[in-house]
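Scroll down for the structure; my scribbles are underneath it.
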Amino acid sequence: MAIELSGWIDKHYGTPTTDLPDVADPPDVPPAVVAEQLRSTWGLHQKPIKSMLALLERRGVRVFSLPAADREIDAFSFKYEGRPFVFLNTDKTAERTRFDLAHELGHLVLHETTNMNRSRQIEQEAHDFAASFLVPADGLYAQVVGKLRLDDVFKLKKYWKVSALAMVERLYRLEFISEWNRRQWLIELSERGFRTAEPDGIQAEPSKFLTELFKLAREDGWTSRAIADYLRESEKDLDALVFGLAIAAVPGGGQKSPAVTGHLKVVK
């Protein structure tokens with residue numbers, strides 16, 4: 001259904017072309033280095049990524065949400081006719097979703113030709129890519145001064161928009177903290193409920209691409225029923241696929257959509 005919807009989108013609207021580097025299965029380049037190179041190529045410098053979802057959408061990645069029945073997994077990705085697709089479990093925290101997006105970006109960049117039966121090594125490579133892509137080492141080195149305390153983790157995780165657990169792991173991998181600190185902090189965070197939630201976390205990132213797309217579609221007379229009929233699917237399934245941003249979600253088509261950066265145009 002996502003592939004069919006993507007085809008409908010490309011048929012009716014000019015959309016961002018795919019812009020992912022060709023770094024499939026590099027034999028000697030560590031995933032962390034590939035992540036740093038990609039940040040440089042995309043001009044992200046050593047700053048936090050404002051929105052992972054918007055970043056991938058601008059680079060031509062089609063991101064959809066998983067139906068509730070399929071949410072035992074976190075995320076998965078693939079390419080179809082050159083177009084990358086990512087599917088997300090939207091029940092996760094916003095911080096976890098950002099990491100999942102970076103993880104799947106790692107798979108798309110690193111493992112295009114890899115067998116889909118992903119090994120533990122393949123998953124670890126995507127994990128290392130995601131950690132470096134979201135929290136670049138040089139940026140953290142420039143930011144951290146002196147001995148760290150657990151309270152510093154909360155400041156750092158909010159700045160980089162990652163989970164507290166992910167920040168502790170990143171600090172440990174870059175040798176800012178000891179194994180003892182890591183264990184003690186993870187225990188304390190778990191006791192505070194950070195294993196299952198992210199107290200005082202960030203808000204979920206909206207799909208700017210889909211928001212703008214359906215705004216244009218409404219203006220062109222496309223109702224959610226019309227799109228669903230075109231795809232021979234139900235409106236309910238369409239809405240589940242697009243993060244609840246289906247056209248029917250705006251009563252009468254008159255409600256204003258959130259302001260978004262323009263990158264769509266109608267195909268004449």
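In the structure tokens, chains take the letters A, B, ... in the order shown, each chain's residues start at 1, and ligands count up from 1 in the order shown.
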
Item to complete: Write out as a PyMOL selection string each polymer residue whose atoms come within 8 Å of stretch 45-48 of chain A, counting only C-alpha atoms; drop sequence neighbours fewer than 2 positions from it.
Response: chain A and resi 39-40+43+50+134-136+138-139+159-161

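Those residues in stretch 44-197 of chain A carrying a DSSP assignment of strand (DSSP E), computed from the backbone, are Arg62, Val63, Phe64, Ser65, Ala75, Phe76, Ser77, Phe78, Lys79, Tyr80, Arg83, Pro84, Phe85, Val86, Phe87 and Leu88 of chain A.
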
Write a file of the just-selected residues containing C-alpha atoms, as a PDB file, in the first residue's frame.
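Generated output (result31.pdb):
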```
ATOM      1  CA  ARG A  62       9.347   7.988   2.183  1.00  0.00           C
ATOM      2  CA  VAL A  63       8.510   7.525   5.861  1.00  0.00           C
ATOM      3  CA  PHE A  64       5.284   5.832   6.928  1.00  0.00           C
ATOM      4  CA  SER A  65       3.823   4.544  10.189  1.00  0.00           C
ATOM      5  CA  ALA A  75      11.097  -0.027  12.455  1.00  0.00           C
ATOM      6  CA  PHE A  76      12.262  -1.442   9.145  1.00  0.00           C
ATOM      7  CA  SER A  77      13.407  -0.118   5.783  1.00  0.00           C
ATOM      8  CA  PHE A  78      14.017  -1.110   2.168  1.00  0.00           C
ATOM      9  CA  LYS A  79      14.433   0.362  -1.294  1.00  0.00           C
ATOM     10  CA  TYR A  80      11.959  -0.096  -4.123  1.00  0.00           C
ATOM     11  CA  ARG A  83      13.179   4.949  -3.622  1.00  0.00           C
ATOM     12  CA  PRO A  84      14.010   4.342   0.079  1.00  0.00           C
ATOM     13  CA  PHE A  85      11.140   3.522   2.436  1.00  0.00           C
ATOM     14  CA  VAL A  86      11.116   3.554   6.243  1.00  0.00           C
ATOM     15  CA  PHE A  87       8.294   2.276   8.455  1.00  0.00           C
ATOM     16  CA  LEU A  88       8.032   3.391  12.091  1.00  0.00           C
TER      17      LEU A  88
END
```

Practice prompt. Give me, please, the distance in Å between atom CA of A:Asp19 and atom CA of A:Arg59, quoted to one decimal.
Written response: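 That distance, rounded to one decimal, is 4.9 Å.
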
Discussion item. Neighbouring residues of A:Arg225 were defined as those with any atom within 7 Å, considering only C-alpha atoms; residues of the same chain fewer than 3 positions away were excluded. Please report them as a PyMOL selection string.
Written reply: chain A and resi 228-229+235

Restricting the output to N, CA and C atoms, write the selected residues as a CSV table (one decimal), in the first residue's frame.
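What landed in out_9.csv:
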```csv
chain,number,residue,atom,x,y,z
A,228,ALA,N,-8.1,6.7,-1.2
A,228,ALA,CA,-8.2,5.3,-0.8
A,228,ALA,C,-8.8,4.5,-1.9
A,229,ASP,N,-9.8,5.0,-2.6
A,229,ASP,CA,-10.5,4.3,-3.7
A,229,ASP,C,-9.5,4.1,-4.8
A,235,GLU,N,-10.1,3.9,3.9
A,235,GLU,CA,-9.6,5.2,4.5
A,235,GLU,C,-8.9,4.9,5.9
```

Worksheet item: Which of these residues is nearest to A:Gly106, using only C-alpha atoms: A:Glu81, A:Glu72, A:Asp239, A:Glu36?
Response: A:Glu36
